[in-house]
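Undergrad: Just one file: my_file-v4.cif, with mmCIF, C-alpha atoms and all ligand atoms.
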data_protein
#
loop_
_atom_site.label_atom_id
_atom_site.label_comp_id
_atom_site.auth_asym_id
_atom_site.auth_seq_id
_atom_site.Cartn_x
_atom_site.Cartn_y
_atom_site.Cartn_z
CA MET A 1 -26.12 35.09 180.50
CA SER A 2 -24.68 37.42 183.09
CA GLN A 3 -25.68 37.21 186.73
CA GLU A 4 -27.17 40.67 186.51
CA MET A 5 -29.27 39.86 183.46
CA GLU A 6 -30.54 36.65 185.05
CA SER A 7 -31.58 38.42 188.22
CA ARG A 8 -33.57 40.96 186.19
CA GLY A 9 -35.60 38.38 184.29
CA THR A 10 -38.94 36.93 185.32
CA ARG A 11 -39.19 34.08 187.84
CA GLY A 12 -41.83 32.24 185.85
CA LEU A 13 -45.59 32.46 185.49
CA HIS A 14 -47.45 34.37 188.21
CA HIS A 15 -51.01 33.79 186.98
CA ILE A 16 -52.94 33.27 183.78
CA THR A 17 -56.25 35.00 183.18
CA ALA A 18 -58.89 33.72 180.77
CA ILE A 19 -62.40 34.65 179.68
CA ALA A 20 -65.28 32.44 180.79
CA GLY A 21 -68.98 32.20 180.17
CA PRO A 22 -71.44 32.23 183.11
CA ALA A 23 -69.65 32.57 186.46
CA GLN A 24 -71.47 29.71 188.20
CA GLU A 25 -70.52 27.24 185.47
CA ASN A 26 -66.92 28.43 185.72
CA LEU A 27 -66.94 27.91 189.50
CA ASP A 28 -68.56 24.49 189.22
CA PHE A 29 -65.89 23.37 186.78
CA TYR A 30 -62.69 24.78 188.26
CA ALA A 31 -63.53 24.30 191.95
CA GLY A 32 -66.00 21.42 191.66
CA VAL A 33 -64.45 19.27 188.93
CA LEU A 34 -60.79 20.32 188.75
CA GLY A 35 -60.68 20.85 192.51
CA MET A 36 -58.83 24.16 192.49
CA LYS A 37 -59.54 26.39 195.48
CA LEU A 38 -61.43 29.61 194.87
CA VAL A 39 -59.03 31.91 196.73
CA LYS A 40 -60.46 35.26 195.74
CA LYS A 41 -63.93 36.30 194.68
CA SER A 42 -63.57 39.81 193.43
CA VAL A 43 -64.47 41.98 190.45
CA ASN A 44 -62.66 43.06 187.31
CA GLN A 45 -61.11 46.30 188.51
CA ASP A 46 -61.58 47.90 185.09
CA ASP A 47 -65.15 46.57 184.74
CA PRO A 48 -66.55 46.13 188.28
CA GLY A 49 -69.85 44.72 186.98
CA THR A 50 -67.97 41.49 186.20
CA TYR A 51 -66.55 39.00 188.65
CA HIS A 52 -62.88 38.22 188.77
CA LEU A 53 -62.54 34.67 190.09
CA PHE A 54 -59.14 33.35 191.20
CA TYR A 55 -58.42 29.62 191.53
CA ALA A 56 -55.16 28.46 193.05
CA ASP A 57 -53.66 26.30 195.76
CA ALA A 58 -55.15 26.78 199.22
CA GLU A 59 -52.84 29.71 200.01
CA GLY A 60 -53.10 31.38 196.63
CA ARG A 61 -49.37 31.15 196.01
CA PRO A 62 -48.03 33.09 193.03
CA GLY A 63 -47.58 30.61 190.20
CA THR A 64 -50.57 28.46 191.13
CA ASP A 65 -53.19 30.89 190.01
CA LEU A 66 -55.65 30.61 187.10
CA THR A 67 -58.17 33.46 187.03
CA PHE A 68 -61.27 34.27 184.99
CA PHE A 69 -63.38 37.15 183.83
CA PRO A 70 -66.84 35.63 183.27
CA TRP A 71 -68.01 37.66 180.28
CA ALA A 72 -70.95 35.48 179.29
CA HIS A 73 -72.22 38.04 176.74
CA LEU A 74 -69.12 37.68 174.56
CA ALA A 75 -69.02 35.49 171.47
CA PRO A 76 -66.71 32.49 171.55
CA SER A 77 -63.08 33.40 170.97
CA ARG A 78 -61.55 33.13 167.52
CA PRO A 79 -58.36 31.06 167.58
CA GLY A 80 -55.38 32.46 165.72
CA HIS A 81 -52.00 34.04 166.11
CA GLY A 82 -51.24 36.53 168.86
CA LEU A 83 -53.36 34.71 171.41
CA ALA A 84 -52.44 31.98 173.88
CA SER A 85 -54.30 28.86 172.81
CA GLU A 86 -53.94 26.58 175.83
CA VAL A 87 -53.19 26.71 179.54
CA ALA A 88 -51.12 23.90 181.06
CA LEU A 89 -51.61 22.90 184.70
CA ALA A 90 -49.13 20.75 186.60
CA VAL A 91 -50.11 17.56 188.38
CA ALA A 92 -47.90 15.07 190.19
CA PRO A 93 -46.50 12.02 188.35
CA ASP A 94 -48.92 9.10 187.89
CA SER A 95 -51.99 11.30 188.23
CA LEU A 96 -53.41 11.27 184.72
CA ALA A 97 -55.24 7.95 184.97
CA TYR A 98 -57.14 9.40 187.92
CA TRP A 99 -57.88 12.56 185.98
CA ALA A 100 -58.99 10.77 182.82
CA ALA A 101 -61.51 8.77 184.85
CA ARG A 102 -62.70 11.79 186.82
CA LEU A 103 -63.15 13.98 183.75
CA GLU A 104 -64.95 11.20 181.91
CA SER A 105 -67.37 10.82 184.82
CA TYR A 106 -68.31 14.49 184.39
CA GLY A 107 -68.59 14.23 180.62
CA VAL A 108 -65.65 16.57 180.02
CA PRO A 109 -64.17 16.25 176.50
CA VAL A 110 -60.61 14.97 176.80
CA GLY A 111 -58.02 14.13 174.15
CA ALA A 112 -56.00 10.95 173.80
CA PRO A 113 -53.04 10.68 176.18
CA GLU A 114 -50.05 12.55 174.78
CA ASN A 115 -46.39 12.96 175.52
CA ARG A 116 -44.92 16.43 175.21
CA PHE A 117 -41.22 17.05 175.73
CA GLY A 118 -41.08 13.88 177.82
CA ASP A 119 -44.07 14.61 180.04
CA PRO A 120 -47.41 12.73 179.93
CA VAL A 121 -50.23 15.14 179.06
CA LEU A 122 -54.02 14.97 179.08
CA ALA A 123 -55.71 17.73 177.10
CA LEU A 124 -59.28 18.80 177.84
CA ILE A 125 -61.71 21.55 176.95
CA ASP A 126 -63.49 23.47 179.70
CA PRO A 127 -67.25 24.21 179.53
CA HIS A 128 -66.63 27.55 177.76
CA GLY A 129 -64.10 26.37 175.20
CA LEU A 130 -60.80 27.06 176.95
CA ARG A 131 -58.17 24.46 176.13
CA VAL A 132 -56.46 23.12 179.24
CA ALA A 133 -53.68 20.54 179.48
CA LEU A 134 -52.92 18.56 182.61
CA VAL A 135 -49.20 17.80 182.65
CA GLU A 136 -47.42 15.23 184.78
CA SER A 137 -44.59 17.61 185.43
CA ALA A 138 -41.42 16.13 186.88
CA SER A 139 -40.94 19.17 189.09
CA ALA A 140 -44.61 19.46 190.11
CA ALA A 141 -44.39 17.10 193.05
CA ALA A 142 -41.52 19.13 194.49
CA ARG A 143 -43.20 22.51 194.16
CA PRO A 144 -44.23 24.47 197.20
CA PHE A 145 -47.93 23.71 197.38
CA THR A 146 -50.66 23.98 199.99
CA PRO A 147 -53.43 21.45 199.32
CA TRP A 148 -57.13 22.23 199.63
CA GLU A 149 -57.95 19.83 202.45
CA GLY A 150 -61.70 20.24 202.01
CA GLY A 151 -61.59 19.95 198.23
CA PRO A 152 -63.24 17.31 196.07
CA VAL A 153 -59.93 15.93 194.71
CA PRO A 154 -57.58 13.80 196.85
CA VAL A 155 -54.61 15.86 198.00
CA GLU A 156 -52.02 13.83 196.08
CA ARG A 157 -53.94 14.30 192.80
CA GLN A 158 -54.63 18.01 193.16
CA ILE A 159 -53.46 20.52 190.57
CA ARG A 160 -50.16 21.97 191.80
CA GLY A 161 -50.27 25.16 189.82
CA LEU A 162 -49.51 26.51 186.39
CA ASP A 163 -47.14 24.61 184.16
CA GLY A 164 -47.15 26.79 181.06
CA ALA A 165 -49.06 27.92 178.01
CA ARG A 166 -49.13 27.52 174.24
CA VAL A 167 -49.02 30.46 171.88
CA GLY A 168 -49.29 30.67 168.09
CA LEU A 169 -47.33 33.47 166.40
CA ARG A 170 -47.03 34.87 162.90
CA GLN A 171 -43.32 35.35 163.45
CA LEU A 172 -41.27 33.70 166.15
CA ALA A 173 -38.13 35.82 166.14
CA PRO A 174 -39.42 39.08 167.67
CA THR A 175 -41.14 37.26 170.53
CA GLU A 176 -38.14 35.01 171.06
CA ALA A 177 -35.88 38.05 171.30
CA LEU A 178 -38.07 39.46 174.08
CA LEU A 179 -38.21 36.14 175.92
CA ALA A 180 -34.42 35.74 175.80
CA ALA A 181 -33.73 39.27 177.00
CA PRO A 182 -35.05 41.04 178.95
CA MET A 183 -37.51 38.35 180.13
CA GLY A 184 -34.67 35.91 180.83
CA LEU A 185 -36.14 32.72 179.39
CA THR A 186 -34.08 30.12 177.54
CA ARG A 187 -34.89 28.15 174.40
CA ILE A 188 -35.13 24.65 175.73
CA ALA A 189 -36.18 22.29 172.92
CA GLU A 190 -38.28 21.86 169.80
CA GLU A 191 -40.77 19.08 169.15
CA ASN A 192 -43.64 18.52 166.70
CA GLY A 193 -43.65 22.14 165.58
CA TRP A 194 -43.56 23.59 169.09
CA VAL A 195 -40.58 25.54 170.35
CA ARG A 196 -40.32 25.39 174.11
CA TRP A 197 -38.99 28.36 176.07
CA GLY A 198 -38.62 28.36 179.80
CA ILE A 199 -36.45 28.75 182.83
CA PRO A 200 -34.57 25.56 183.53
CA ASP A 201 -35.28 24.01 186.92
CA GLY A 202 -32.79 24.83 189.61
CA GLY A 203 -30.49 27.79 189.77
CA GLU A 204 -31.28 31.14 191.24
CA SER A 205 -34.01 32.06 188.81
CA GLY A 206 -35.71 28.67 189.20
CA ARG A 207 -35.88 28.87 192.95
CA ALA A 208 -39.56 29.69 192.97
CA HIS A 209 -40.50 26.45 191.19
CA SER A 210 -43.16 28.22 189.25
CA GLY A 211 -44.56 27.18 185.89
CA THR A 212 -42.12 28.56 183.36
CA ARG A 213 -42.93 26.93 180.05
CA LEU A 214 -44.05 28.84 177.02
CA ASP A 215 -44.48 26.76 173.87
CA LEU A 216 -44.46 28.71 170.62
CA ALA A 217 -45.78 27.60 167.25
CA HIS A 218 -45.09 29.37 163.96
CA ARG A 219 -48.52 30.14 162.45
CA PRO A 220 -47.82 32.49 159.52
CA ASP A 221 -51.07 31.69 157.72
CA THR A 222 -53.64 31.95 160.51
CA GLN A 223 -55.83 34.97 161.14
CA ARG A 224 -55.36 37.15 164.19
CA GLY A 225 -56.87 35.47 167.22
CA MET A 226 -59.67 37.36 168.96
CA TRP A 227 -60.76 37.46 172.56
CA GLY A 228 -64.08 35.86 173.47
CA THR A 229 -65.30 33.19 175.84
CA GLY A 230 -62.76 30.40 176.06
CA ALA A 231 -59.80 32.68 175.26
CA VAL A 232 -56.73 33.34 177.34
CA HIS A 233 -56.79 37.04 178.20
CA HIS A 234 -53.23 37.45 179.41
CA LEU A 235 -50.17 35.71 180.78
CA ALA A 236 -48.69 37.25 183.94
CA TRP A 237 -45.05 36.76 184.84
CA ARG A 238 -43.54 36.90 188.31
CA VAL A 239 -41.26 39.58 189.64
CA ASP A 240 -39.98 39.64 193.21
CA ASP A 241 -41.05 43.13 194.19
CA GLU A 242 -41.68 46.58 192.80
CA ALA A 243 -37.97 47.38 192.32
CA HIS A 244 -37.56 44.23 190.24
CA GLU A 245 -40.74 45.11 188.35
CA LEU A 246 -39.55 48.62 187.54
CA ALA A 247 -36.15 47.36 186.36
CA LEU A 248 -37.70 44.72 184.12
CA ARG A 249 -40.31 47.19 182.89
CA ALA A 250 -37.55 49.61 181.86
CA ALA A 251 -35.65 46.88 180.03
CA ILE A 252 -38.82 45.79 178.22
CA ALA A 253 -39.62 49.35 177.18
CA GLU A 254 -36.08 49.71 175.83
CA SER A 255 -36.54 46.59 173.71
CA GLY A 256 -39.68 47.90 171.95
CA PRO A 257 -43.00 47.18 173.69
CA HIS A 258 -44.89 49.94 175.47
CA PRO A 259 -45.56 48.86 179.06
CA THR A 260 -48.18 50.60 181.19
CA PRO A 261 -47.18 52.35 184.39
CA VAL A 262 -47.28 50.20 187.51
CA ILE A 263 -50.94 49.57 188.40
CA ASP A 264 -51.85 48.67 191.98
CA ARG A 265 -54.02 45.53 191.86
CA PHE A 266 -54.00 45.46 195.66
CA TRP A 267 -52.89 41.79 195.90
CA PHE A 268 -49.98 42.51 193.56
CA LYS A 269 -48.63 45.37 191.47
CA SER A 270 -48.95 44.98 187.73
CA VAL A 271 -47.51 46.24 184.47
CA TYR A 272 -49.10 45.27 181.15
CA PHE A 273 -47.72 45.22 177.63
CA LYS A 274 -48.27 43.46 174.33
CA GLU A 275 -45.33 41.28 173.42
CA PRO A 276 -44.24 41.69 169.77
CA GLY A 277 -46.48 38.83 168.59
CA GLY A 278 -49.57 40.49 170.07
CA VAL A 279 -50.09 38.42 173.22
CA LEU A 280 -50.96 40.48 176.30
CA PHE A 281 -48.32 40.00 178.98
CA GLU A 282 -48.33 41.26 182.55
CA LEU A 283 -45.62 41.55 185.17
CA ALA A 284 -46.94 40.93 188.68
CA THR A 285 -45.18 41.16 192.01
CA ASP A 286 -45.16 38.19 194.39
CA GLY A 287 -46.49 40.36 197.20
CA PRO A 288 -48.42 41.37 199.09
CA GLY A 289 -50.59 38.39 198.12
CA PHE A 290 -54.16 37.22 198.66
CA ALA A 291 -53.92 37.00 202.44
CA VAL A 292 -53.59 40.77 202.73
CA ASP A 293 -57.36 41.19 203.18
CA GLU A 294 -58.65 37.73 204.18
CA ALA A 295 -57.45 35.01 206.54
CA ILE A 296 -55.85 32.13 204.63
CA GLU A 297 -58.53 29.69 205.80
CA ARG A 298 -61.35 31.98 204.66
CA LEU A 299 -59.96 32.87 201.22
CA GLY A 300 -62.61 33.14 198.54
CA GLU A 301 -65.64 32.92 200.80
CA THR A 302 -66.92 36.46 200.46
CA LEU A 303 -66.87 39.17 197.82
CA VAL A 304 -63.65 41.11 198.28
CA LEU A 305 -63.13 44.52 196.78
CA PRO A 306 -59.99 46.63 196.66
CA PRO A 307 -60.31 49.60 199.05
CA TRP A 308 -61.06 52.10 196.29
CA LEU A 309 -64.16 50.13 195.22
CA GLU A 310 -65.48 49.60 198.78
CA PRO A 311 -67.64 52.75 198.70
CA GLN A 312 -69.57 51.20 195.79
CA ARG A 313 -69.94 47.75 197.38
CA ALA A 314 -73.73 47.67 197.58
CA ALA A 315 -74.22 48.60 193.93
CA ILE A 316 -71.45 46.27 192.75
CA ALA A 317 -72.74 43.31 194.75
CA ALA A 318 -76.31 43.87 193.58
CA ALA A 319 -75.26 43.76 189.93
CA LEU A 320 -73.34 40.46 190.20
CA PRO A 321 -75.06 37.09 189.78
CA ALA A 322 -75.31 35.09 193.01
CA LEU A 323 -72.74 32.30 193.28
CA THR A 324 -73.27 29.12 195.24
CA PRO A 325 -70.54 26.63 196.18
CA PRO A 326 -69.77 24.19 193.38
CA ALA A 327 -72.51 21.73 192.51
CA ALA A 328 -69.99 19.03 191.68
CA SER A 329 -68.17 17.13 194.41
CA SER A 330 -66.14 13.97 194.91
ZN ZN A 401 -53.46 39.56 185.49
#
Starting from the coordinates I provided, produce the structure as C-alpha cells.
TA:
Amino acid sequence: MSQEMESRGTRGLHHITAIAGPAQENLDFYAGVLGMKLVKKSVNQDDPGTYHLFYADAEGRPGTDLTFFPWAHLAPSRPGHGLASEVALAVAPDSLAYWAARLESYGVPVGAPENRFGDPVLALIDPHGLRVALVESASAAARPFTPWEGGPVPVERQIRGLDGARVGLRQLAPTEALLAAPMGLTRIAEENGWVRWGIPDGGESGRAHSGTRLDLAHRPDTQRGMWGTGAVHHLAWRVDDEAHELALRAAIAESGPHPTPVIDRFWFKSVYFKEPGGVLFELATDGPGFAVDEAIERLGETLVLPPWLEPQRAAIAAALPALTPPAASS
C-alpha cells in the first residue's frame, strides 16, 4: 500500500454507538459495573428528547468511547446480517479473572472463557441485550489511557477503550473491498469462521493505538438485522481532522457508498454512510474533543447541549428522565 493511501485511511475506531433501554439502567451498568467514566451527558442531536450518554476513559479520548441512545420504547433488536453483533472492549493482560468475579457478583450473564486470535476473551450481555466482549488485548496496556481515579474499578483493571466489533454479512467481498481501500484496513487472519480486519500495531497509521479490529462473518442465510434495544447503531472511525475527513469521504463516495455531508457534532465532525453490507459507519474527527465545553475533571456531570440546542434547554431538560449517579459501586 502506498504511503499516500495509508495516510488517507482511518486511524481505527473513534467510538461505537449502541441502543439501550432505560437510561438509568444503562448508566448503572456502564459506569457502576463496568467502571467506564460518563464523560458526556447530552442528547441525541437528531432526537433531542433522548439522552446521548458517552462512556470513555477519564479524558474521553477518541478510541475509548462507547455511547448510547437510550430508546427504551423500542423492541429488542433483531440479530442478522448488516448489523454489528458485538462490541469488544480492551482490558490489560491478566484482568479477566477479576472481571469474571465482578460480573458474577452483579449477576451479569457471562460466557465461558474464550480465546480469539490469541487473546483471552470474556463475553457478556448487558442489561438490554447488547453483546460485549472484554478482550485481554496485548496492546491495551500500552495504549494512551487516563484512568477514572474515583471509579468503582481498580485503575489497573479498568477498560482501556474499544478493541473492535463483530459484524455478520451476507457477502464479504464488497465490505472487504471498502475496508482495504479507501478505509485502509488489512486482512489479518481467519479463525473459526471469523475474518479479522484491522490496522496492524505500529507504523504510522497505528500510532494512535486505537481499537482497530473488525471481525467479519459470512452469514448468507440470516435475515437482515434490525435496530432495537441491544443493537449496535453505528461504528465510527477516526480521522485526524476535517481535511483528512473530506479526503476519505471523497474516496469512499468514489468507491460506491453515499456519504452524508460533514455534520458538526460539536465535539467532533462526522460523516455517515452505509458500508456495502448495510452497517452504518461514521467518520469522526479526533478534535475538538469533549473538553471543548467542560473541564476535564467535570466531564459528564451536567447536561451539555451543543450551542444550537441551548435556546431549548429548559424544554429538553424537562422531557428527560432524571439520572442519579450509578447505584452500583465497588
Ligand atoms: Zn457516532
Undergrad: Give me the residues within 9 Å of segment 40-50 of chain A as number ranges by chain, counting all atoms listed in the file and dropping any in the same chain fewer than 2 places off.
TA: A: 37-38, 52-55, 60, 69-71, 265, 290, 294, 299-306, 309, 316-317, 319-320
Undergrad: Which residues sit within 12 Å of ligand ZN 401 (chain A), counting only C-alpha atoms and all ligand atoms, listed as a short mmCIF file (atom, residue, chain, number, x, y, z; two decimals) with C-alpha atoms, keeping the file's coordinate frame?
TA:
data_model
loop_
_atom_site.label_atom_id
_atom_site.label_comp_id
_atom_site.auth_asym_id
_atom_site.auth_seq_id
_atom_site.Cartn_x
_atom_site.Cartn_y
_atom_site.Cartn_z
CA LEU A 13 -45.59 32.46 185.49
CA HIS A 14 -47.45 34.37 188.21
CA HIS A 15 -51.01 33.79 186.98
CA ILE A 16 -52.94 33.27 183.78
CA THR A 17 -56.25 35.00 183.18
CA ALA A 18 -58.89 33.72 180.77
CA ILE A 19 -62.40 34.65 179.68
CA ASN A 44 -62.66 43.06 187.31
CA GLN A 45 -61.11 46.30 188.51
CA ASP A 46 -61.58 47.90 185.09
CA HIS A 52 -62.88 38.22 188.77
CA LEU A 53 -62.54 34.67 190.09
CA PHE A 54 -59.14 33.35 191.20
CA PRO A 62 -48.03 33.09 193.03
CA GLY A 63 -47.58 30.61 190.20
CA ASP A 65 -53.19 30.89 190.01
CA LEU A 66 -55.65 30.61 187.10
CA THR A 67 -58.17 33.46 187.03
CA PHE A 68 -61.27 34.27 184.99
CA PHE A 69 -63.38 37.15 183.83
CA VAL A 232 -56.73 33.34 177.34
CA HIS A 233 -56.79 37.04 178.20
CA HIS A 234 -53.23 37.45 179.41
CA LEU A 235 -50.17 35.71 180.78
CA ALA A 236 -48.69 37.25 183.94
CA TRP A 237 -45.05 36.76 184.84
CA ARG A 238 -43.54 36.90 188.31
CA ILE A 263 -50.94 49.57 188.40
CA ASP A 264 -51.85 48.67 191.98
CA ARG A 265 -54.02 45.53 191.86
CA PHE A 266 -54.00 45.46 195.66
CA TRP A 267 -52.89 41.79 195.90
CA PHE A 268 -49.98 42.51 193.56
CA LYS A 269 -48.63 45.37 191.47
CA SER A 270 -48.95 44.98 187.73
CA VAL A 271 -47.51 46.24 184.47
CA TYR A 272 -49.10 45.27 181.15
CA PHE A 273 -47.72 45.22 177.63
CA LEU A 280 -50.96 40.48 176.30
CA PHE A 281 -48.32 40.00 178.98
CA GLU A 282 -48.33 41.26 182.55
CA LEU A 283 -45.62 41.55 185.17
CA ALA A 284 -46.94 40.93 188.68
CA THR A 285 -45.18 41.16 192.01
#
Undergrad: Report the distance between atom CA of Arg8 of chain A and atom CA of Ala291 of chain A in Å, rounded to one decimal place.
TA: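 Distance reported for this atom pair: 26.3 Å.
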Undergrad: Would you mind reading off the distance between atom CA of Val239 of chain A and atom CA of Ala295 of chain A, one decimal, in Å?
TA: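 Distance between the two atoms: 23.8 Å.
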Undergrad: Which one of A:Ser139, A:Gln312, A:Asn26, A:Asn115 sits closest to Gly211 of chain A if you count all atoms listed in the file?
TA: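 For Gly211 of chain A, the nearest of the given residues is A:Ser139.
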Undergrad: Please determine, counting all atoms listed in the file, which residue among A:Ala100, A:Ala141, A:Ala177, A:Ala322 has the shortest atom-to-atom distance to Val33 of chain A.
TA: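 Distance minimum relative to Val33 of chain A lands on A:Ala100.
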Undergrad: Distance atom CA of Glu275 of chain A-atom CA of Pro261 of chain A, one decimal place?
TA: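 According to the coordinates, atom CA of Glu275 of chain A and atom CA of Pro261 of chain A are separated by 15.7 Å.
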Undergrad: N, CA and C atoms are needed for segment 180-194 of chain A; please write them out as a PDB file, in the frame of the given file.
TA:
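Output saved as out_0.pdb:
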ATOM      1  N   ALA A 180     -35.823  35.978 175.435  1.00  0.00           N
ATOM      2  CA  ALA A 180     -34.420  35.740 175.800  1.00  0.00           C
ATOM      3  C   ALA A 180     -33.902  36.875 176.673  1.00  0.00           C
ATOM      4  N   ALA A 181     -34.122  38.071 176.231  1.00  0.00           N
ATOM      5  CA  ALA A 181     -33.730  39.270 177.000  1.00  0.00           C
ATOM      6  C   ALA A 181     -34.694  40.345 176.589  1.00  0.00           C
ATOM      7  N   PRO A 182     -35.281  40.989 177.505  1.00  0.00           N
ATOM      8  CA  PRO A 182     -35.050  41.040 178.950  1.00  0.00           C
ATOM      9  C   PRO A 182     -35.794  40.039 179.823  1.00  0.00           C
ATOM     10  N   MET A 183     -36.709  39.208 179.244  1.00  0.00           N
ATOM     11  CA  MET A 183     -37.510  38.350 180.130  1.00  0.00           C
ATOM     12  C   MET A 183     -36.676  37.250 180.805  1.00  0.00           C
ATOM     13  N   GLY A 184     -35.567  36.847 180.159  1.00  0.00           N
ATOM     14  CA  GLY A 184     -34.670  35.910 180.830  1.00  0.00           C
ATOM     15  C   GLY A 184     -35.039  34.449 180.683  1.00  0.00           C
ATOM     16  N   LEU A 185     -35.840  34.118 179.647  1.00  0.00           N
ATOM     17  CA  LEU A 185     -36.140  32.720 179.390  1.00  0.00           C
ATOM     18  C   LEU A 185     -35.086  32.136 178.448  1.00  0.00           C
ATOM     19  N   THR A 186     -35.049  30.820 178.361  1.00  0.00           N
ATOM     20  CA  THR A 186     -34.080  30.120 177.540  1.00  0.00           C
ATOM     21  C   THR A 186     -34.828  29.212 176.567  1.00  0.00           C
ATOM     22  N   ARG A 187     -34.319  29.107 175.345  1.00  0.00           N
ATOM     23  CA  ARG A 187     -34.890  28.150 174.400  1.00  0.00           C
ATOM     24  C   ARG A 187     -34.456  26.762 174.821  1.00  0.00           C
ATOM     25  N   ILE A 188     -35.446  25.926 175.106  1.00  0.00           N
ATOM     26  CA  ILE A 188     -35.130  24.650 175.730  1.00  0.00           C
ATOM     27  C   ILE A 188     -35.121  23.501 174.720  1.00  0.00           C
ATOM     28  N   ALA A 189     -36.089  23.437 173.844  1.00  0.00           N
ATOM     29  CA  ALA A 189     -36.180  22.290 172.920  1.00  0.00           C
ATOM     30  C   ALA A 189     -37.227  22.601 171.861  1.00  0.00           C
ATOM     31  N   GLU A 190     -37.260  21.755 170.844  1.00  0.00           N
ATOM     32  CA  GLU A 190     -38.280  21.860 169.800  1.00  0.00           C
ATOM     33  C   GLU A 190     -38.825  20.473 169.525  1.00  0.00           C
ATOM     34  N   GLU A 191     -40.146  20.386 169.369  1.00  0.00           N
ATOM     35  CA  GLU A 191     -40.770  19.080 169.150  1.00  0.00           C
ATOM     36  C   GLU A 191     -42.110  19.272 168.467  1.00  0.00           C
ATOM     37  N   ASN A 192     -42.346  18.514 167.401  1.00  0.00           N
ATOM     38  CA  ASN A 192     -43.640  18.520 166.700  1.00  0.00           C
ATOM     39  C   ASN A 192     -44.145  19.927 166.392  1.00  0.00           C
ATOM     40  N   GLY A 193     -43.241  20.795 165.967  1.00  0.00           N
ATOM     41  CA  GLY A 193     -43.650  22.140 165.580  1.00  0.00           C
ATOM     42  C   GLY A 193     -43.782  23.126 166.728  1.00  0.00           C
ATOM     43  N   TRP A 194     -43.493  22.692 167.931  1.00  0.00           N
ATOM     44  CA  TRP A 194     -43.560  23.590 169.090  1.00  0.00           C
ATOM     45  C   TRP A 194     -42.149  23.881 169.583  1.00  0.00           C
TER      46      TRP A 194
END
